[in-house]
Amino acid sequence: MSNPFADAFKDAGLIDKKEHQQIQNQDKNQAEQKKNQVKYGKIASFYKDWFFNNDWEVNPELFDTIANQVVDSFEKSKLTSTKLRQYYDIVNWLYHTKVFESKWKLKTELFMMIAKANYDYGRKQVVPLSFVQFLKFNIDNLFIKSDKKHKDKFIIFKKHMEAVVAYSKWKLKN
């Protein structure tokens, strides 16, 4: 939806076309952030971008700052580093068996992993809701566009999850 103030300012000649577009993009980004907050909870606020400027330069914060924030969101829950490692083992298996080469096989296996996490959440909250949201957010981002980059995105997700597991070893109880 178009911003009525930006439209009025543009029509009055107070802002140029470039400024008008910047305002429209800002409004669109804010709406997307609100939508993600509802769907993914606090987890969505940790992530700025997986990549910089859409040029496939990986955001190094995924493996440090963001991984730490994710693990912090798991504290005060029943999630153990051992349980988290079980989920990482699934991701690692998908990588080593080359399942990630087929978009549809990968999607099926990852969605099953989300189903398992939901089951563990429902079963005496063995995993916190923030963990389910973490998986859902990242897996949704693997398949957000119909591009052919799911393999590259999966490898980045695997490394990101590996960092989360590494930080969890000393932050979560065993």
# chains A, B, ... in the order shown; residues from 1 in each chain; ligands from 1
call {"tool": "residues_around", "arguments": {"residues": "Phe143 (chain A)", "least_positions_apart": "2", "cutoff": "12 Å", "atoms": "only C-alpha atoms", "output": "short mmCIF file (atom, residue, chain, number, x, y, z; two decimals) with N, CA and C atoms, in the first residue's frame"}}
result
data_model
loop_
_atom_site.label_atom_id
_atom_site.label_comp_id
_atom_site.auth_asym_id
_atom_site.auth_seq_id
_atom_site.Cartn_x
_atom_site.Cartn_y
_atom_site.Cartn_z
N LYS A 103 15.93 -29.88 -4.12
CA LYS A 103 15.16 -28.89 -3.37
C LYS A 103 13.96 -29.52 -2.66
N TRP A 104 13.25 -30.40 -3.34
CA TRP A 104 12.03 -30.96 -2.77
C TRP A 104 12.32 -31.99 -1.69
N LEU A 106 14.99 -31.91 0.22
CA LEU A 106 15.47 -31.08 1.33
C LEU A 106 14.31 -30.42 2.06
N LYS A 107 13.39 -29.86 1.29
CA LYS A 107 12.23 -29.19 1.89
C LYS A 107 11.43 -30.18 2.74
N THR A 108 11.22 -31.38 2.22
CA THR A 108 10.48 -32.41 2.95
C THR A 108 11.16 -32.74 4.27
N LEU A 110 13.42 -31.02 5.99
CA LEU A 110 13.47 -29.89 6.92
C LEU A 110 12.10 -29.60 7.55
N PHE A 111 11.05 -29.75 6.76
CA PHE A 111 9.72 -29.55 7.32
C PHE A 111 9.39 -30.65 8.32
N LYS A 136 11.87 -22.56 12.05
CA LYS A 136 10.89 -22.11 11.05
C LYS A 136 11.39 -20.89 10.29
N PHE A 137 11.92 -19.91 11.01
CA PHE A 137 12.41 -18.69 10.37
C PHE A 137 13.52 -19.00 9.36
N ASN A 138 14.50 -19.77 9.80
CA ASN A 138 15.63 -20.06 8.92
C ASN A 138 15.25 -20.96 7.76
N ILE A 139 14.43 -21.94 8.00
CA ILE A 139 14.02 -22.85 6.93
C ILE A 139 13.12 -22.12 5.93
N ASP A 140 12.24 -21.27 6.41
CA ASP A 140 11.43 -20.47 5.49
C ASP A 140 12.33 -19.60 4.60
N ASN A 141 13.40 -19.07 5.17
CA ASN A 141 14.31 -18.22 4.40
C ASN A 141 15.12 -19.00 3.36
N LYS A 145 12.43 -17.53 -2.01
CA LYS A 145 12.30 -17.16 -3.42
C LYS A 145 12.46 -18.41 -4.27
N SER A 146 12.05 -18.32 -5.48
CA SER A 146 12.14 -19.48 -6.37
C SER A 146 13.48 -19.55 -7.08
N ASP A 147 14.51 -18.98 -6.46
CA ASP A 147 15.82 -19.03 -7.10
C ASP A 147 16.47 -20.40 -6.91
N LYS A 148 17.58 -20.58 -7.53
CA LYS A 148 18.29 -21.86 -7.49
C LYS A 148 19.34 -21.86 -6.37
N LYS A 149 19.26 -20.94 -5.45
CA LYS A 149 20.29 -20.79 -4.42
C LYS A 149 20.03 -21.60 -3.16
N HIS A 150 19.06 -22.50 -3.17
CA HIS A 150 18.74 -23.24 -1.95
C HIS A 150 19.94 -24.03 -1.44
N LYS A 151 20.81 -24.52 -2.33
CA LYS A 151 21.98 -25.28 -1.89
C LYS A 151 22.94 -24.39 -1.10
N ASP A 152 23.21 -23.21 -1.64
CA ASP A 152 24.10 -22.27 -0.95
C ASP A 152 23.50 -21.82 0.38
N LYS A 153 22.21 -21.53 0.36
CA LYS A 153 21.54 -21.11 1.59
C LYS A 153 21.54 -22.22 2.63
N PHE A 154 21.37 -23.45 2.19
CA PHE A 154 21.38 -24.57 3.14
C PHE A 154 22.75 -24.69 3.81
N PHE A 157 22.95 -22.09 6.38
CA PHE A 157 22.12 -22.47 7.52
C PHE A 157 22.82 -23.53 8.36
#
call {"tool": "closest_atom_pairs", "arguments": {"of": "region 68-89 of chain A", "to": "region 165-168 of chain A", "cutoff": "9 Å", "atoms": "only C-alpha atoms", "output": "Markdown table"}}
result
| residue | atom | partner | partner_atom | distance |
| --- | --- | --- | --- | --- |
| A:Asn68 | CA | A:Tyr167 | CA | 6.4 |
| A:Val71 | CA | A:Ser168 | CA | 5.9 |
| A:Asp72 | CA | A:Ser168 | CA | 8.5 |
| A:Phe74 | CA | A:Ser168 | CA | 8.7 |
| A:Thr80 | CA | A:Ser168 | CA | 8.0 |
| A:Ser81 | CA | A:Ser168 | CA | 5.6 |
| A:Thr82 | CA | A:Val165 | CA | 8.9 |
| A:Leu84 | CA | A:Val165 | CA | 6.5 |
| A:Arg85 | CA | A:Val165 | CA | 6.3 |
| A:Tyr88 | CA | A:Val165 | CA | 7.4 |
call {"tool": "select_by_dssp", "arguments": {"residues": "region 37-123 of chain A", "states": "helix (DSSP H, G or I)", "output": "JSON, numbers by chain"}}
result
{"A": [37, 38, 39, 40, 43, 44, 45, 46, 60, 61, 62, 63, 65, 66, 67, 68, 69, 70, 71, 72, 73, 74, 81, 82, 83, 84, 85, 86, 87, 88, 89, 90, 91, 92, 93, 94, 95, 96, 99, 100, 101, 103, 104, 105, 106, 107, 108, 109, 110, 111, 112, 113, 114, 115, 116, 117, 118, 119, 120, 121, 122]}
call {"tool": "write_last_selection", "arguments": {"atoms": "C-alpha atoms", "output": "mmCIF file, in the first residue's frame"}}
result
data_model
loop_
_atom_site.group_PDB
_atom_site.id
_atom_site.type_symbol
_atom_site.label_atom_id
_atom_site.label_comp_id
_atom_site.auth_asym_id
_atom_site.auth_seq_id
_atom_site.Cartn_x
_atom_site.Cartn_y
_atom_site.Cartn_z
ATOM 1 C CA GLN A 37 7.447 -10.579 14.547
ATOM 2 C CA VAL A 38 3.982 -12.109 14.647
ATOM 3 C CA LYS A 39 5.039 -15.310 12.856
ATOM 4 C CA TYR A 40 8.492 -15.902 14.344
ATOM 5 C CA ILE A 43 13.786 -14.638 16.846
ATOM 6 C CA ALA A 44 12.996 -12.506 13.766
ATOM 7 C CA SER A 45 14.400 -9.409 15.462
ATOM 8 C CA PHE A 46 17.877 -10.992 15.693
ATOM 9 C CA PRO A 60 29.476 -12.851 9.450
ATOM 10 C CA GLU A 61 27.208 -11.888 12.374
ATOM 11 C CA LEU A 62 25.266 -15.110 11.675
ATOM 12 C CA PHE A 63 28.095 -17.066 13.261
ATOM 13 C CA THR A 65 26.366 -12.139 17.431
ATOM 14 C CA ILE A 66 23.194 -13.668 16.019
ATOM 15 C CA ALA A 67 24.137 -17.215 17.079
ATOM 16 C CA ASN A 68 24.728 -15.932 20.625
ATOM 17 C CA GLN A 69 21.386 -14.098 20.690
ATOM 18 C CA VAL A 70 19.605 -17.221 19.481
ATOM 19 C CA VAL A 71 21.158 -19.339 22.238
ATOM 20 C CA ASP A 72 20.292 -16.664 24.805
ATOM 21 C CA SER A 73 16.649 -16.992 23.740
ATOM 22 C CA PHE A 74 16.816 -20.709 24.650
ATOM 23 C CA SER A 81 22.966 -28.810 24.266
ATOM 24 C CA THR A 82 22.528 -32.564 23.698
ATOM 25 C CA LYS A 83 18.966 -32.115 22.396
ATOM 26 C CA LEU A 84 20.061 -29.208 20.220
ATOM 27 C CA ARG A 85 22.862 -31.376 18.860
ATOM 28 C CA GLN A 86 20.283 -34.026 17.844
ATOM 29 C CA TYR A 87 18.639 -31.457 15.566
ATOM 30 C CA TYR A 88 21.992 -30.348 14.206
ATOM 31 C CA ASP A 89 22.777 -34.007 13.458
ATOM 32 C CA ILE A 90 19.730 -34.094 11.160
ATOM 33 C CA VAL A 91 21.012 -31.033 9.293
ATOM 34 C CA ASN A 92 24.492 -32.520 9.130
ATOM 35 C CA TRP A 93 23.088 -35.797 7.769
ATOM 36 C CA LEU A 94 21.206 -33.892 5.046
ATOM 37 C CA TYR A 95 24.476 -32.258 4.089
ATOM 38 C CA HIS A 96 26.653 -35.379 4.064
ATOM 39 C CA VAL A 99 19.943 -34.647 0.180
ATOM 40 C CA PHE A 100 20.273 -30.865 -0.045
ATOM 41 C CA GLU A 101 20.970 -31.164 -3.774
ATOM 42 C CA LYS A 103 15.159 -28.885 -3.373
ATOM 43 C CA TRP A 104 12.029 -30.961 -2.767
ATOM 44 C CA LYS A 105 13.744 -33.715 -0.771
ATOM 45 C CA LEU A 106 15.472 -31.085 1.328
ATOM 46 C CA LYS A 107 12.230 -29.190 1.890
ATOM 47 C CA THR A 108 10.476 -32.409 2.950
ATOM 48 C CA GLU A 109 13.187 -33.374 5.438
ATOM 49 C CA LEU A 110 13.470 -29.893 6.923
ATOM 50 C CA PHE A 111 9.716 -29.550 7.321
ATOM 51 C CA MET A 112 9.732 -32.935 9.087
ATOM 52 C CA MET A 113 12.398 -31.534 11.409
ATOM 53 C CA ILE A 114 10.076 -28.607 12.217
ATOM 54 C CA ALA A 115 7.309 -31.141 12.907
ATOM 55 C CA LYS A 116 9.628 -33.007 15.325
ATOM 56 C CA ALA A 117 10.487 -29.738 17.054
ATOM 57 C CA ASN A 118 6.780 -28.947 17.429
ATOM 58 C CA TYR A 119 6.271 -32.402 18.918
ATOM 59 C CA ASP A 120 9.138 -31.833 21.374
ATOM 60 C CA TYR A 121 7.683 -28.444 22.255
ATOM 61 C CA GLY A 122 4.271 -29.980 22.874
#
call {"tool": "atom_distance", "arguments": {"atom1": "CA of Val132 (chain A)", "atom2": "CA of Asn25 (chain A)"}}
result
29.7 Å
call {"tool": "select_by_dssp", "arguments": {"residues": "chain A", "states": "strand (DSSP E)", "output": "short mmCIF file (atom, residue, chain, number, x, y, z; two decimals) with C-alpha atoms, in the first residue's frame"}}
result
data_model
loop_
_atom_site.label_atom_id
_atom_site.label_comp_id
_atom_site.auth_asym_id
_atom_site.auth_seq_id
_atom_site.Cartn_x
_atom_site.Cartn_y
_atom_site.Cartn_z
CA PHE A 51 23.53 -11.62 2.98
CA PHE A 52 24.72 -8.09 2.30
CA GLU A 57 28.34 -11.89 0.61
CA VAL A 58 27.52 -13.78 3.81
#
call {"tool": "atom_distance", "arguments": {"atom1": "CA of Lys98 (chain A)", "atom2": "CA of Phe134 (chain A)"}}
result
23.1 Å
call {"tool": "atom_distance", "arguments": {"atom1": "CA of His20 (chain A)", "atom2": "CA of Asn3 (chain A)"}}
result
9.0 Å
call {"tool": "residues_around", "arguments": {"residues": "Glu19 (chain A)", "least_positions_apart": "4", "cutoff": "9 Å", "atoms": "only C-alpha atoms", "output": "ChimeraX atom specification"}}
result
/A:6,10,15,23-24
call {"tool": "write_last_selection", "arguments": {"atoms": "N, CA and C atoms", "output": "PDB file, in the first residue's frame"}}
result
ATOM      1  N   ALA A   6       3.681  10.426   1.680  1.00  0.00           N
ATOM      2  CA  ALA A   6       4.734  10.453   0.664  1.00  0.00           C
ATOM      3  C   ALA A   6       4.146  10.832  -0.688  1.00  0.00           C
ATOM      4  N   LYS A  10       5.122  14.193  -2.707  1.00  0.00           N
ATOM      5  CA  LYS A  10       5.637  14.069  -4.076  1.00  0.00           C
ATOM      6  C   LYS A  10       4.791  14.911  -5.029  1.00  0.00           C
ATOM      7  N   ILE A  15       9.161  16.503  -2.286  1.00  0.00           N
ATOM      8  CA  ILE A  15      10.189  15.456  -2.375  1.00  0.00           C
ATOM      9  C   ILE A  15      10.252  14.978  -3.819  1.00  0.00           C
ATOM     10  N   ILE A  23      10.923   6.234   0.872  1.00  0.00           N
ATOM     11  CA  ILE A  23       9.869   6.177   1.896  1.00  0.00           C
ATOM     12  C   ILE A  23       9.000   4.941   1.690  1.00  0.00           C
ATOM     13  N   GLN A  24       8.659   4.668   0.437  1.00  0.00           N
ATOM     14  CA  GLN A  24       7.831   3.489   0.128  1.00  0.00           C
ATOM     15  C   GLN A  24       8.560   2.207   0.547  1.00  0.00           C
TER      16      GLN A  24
END
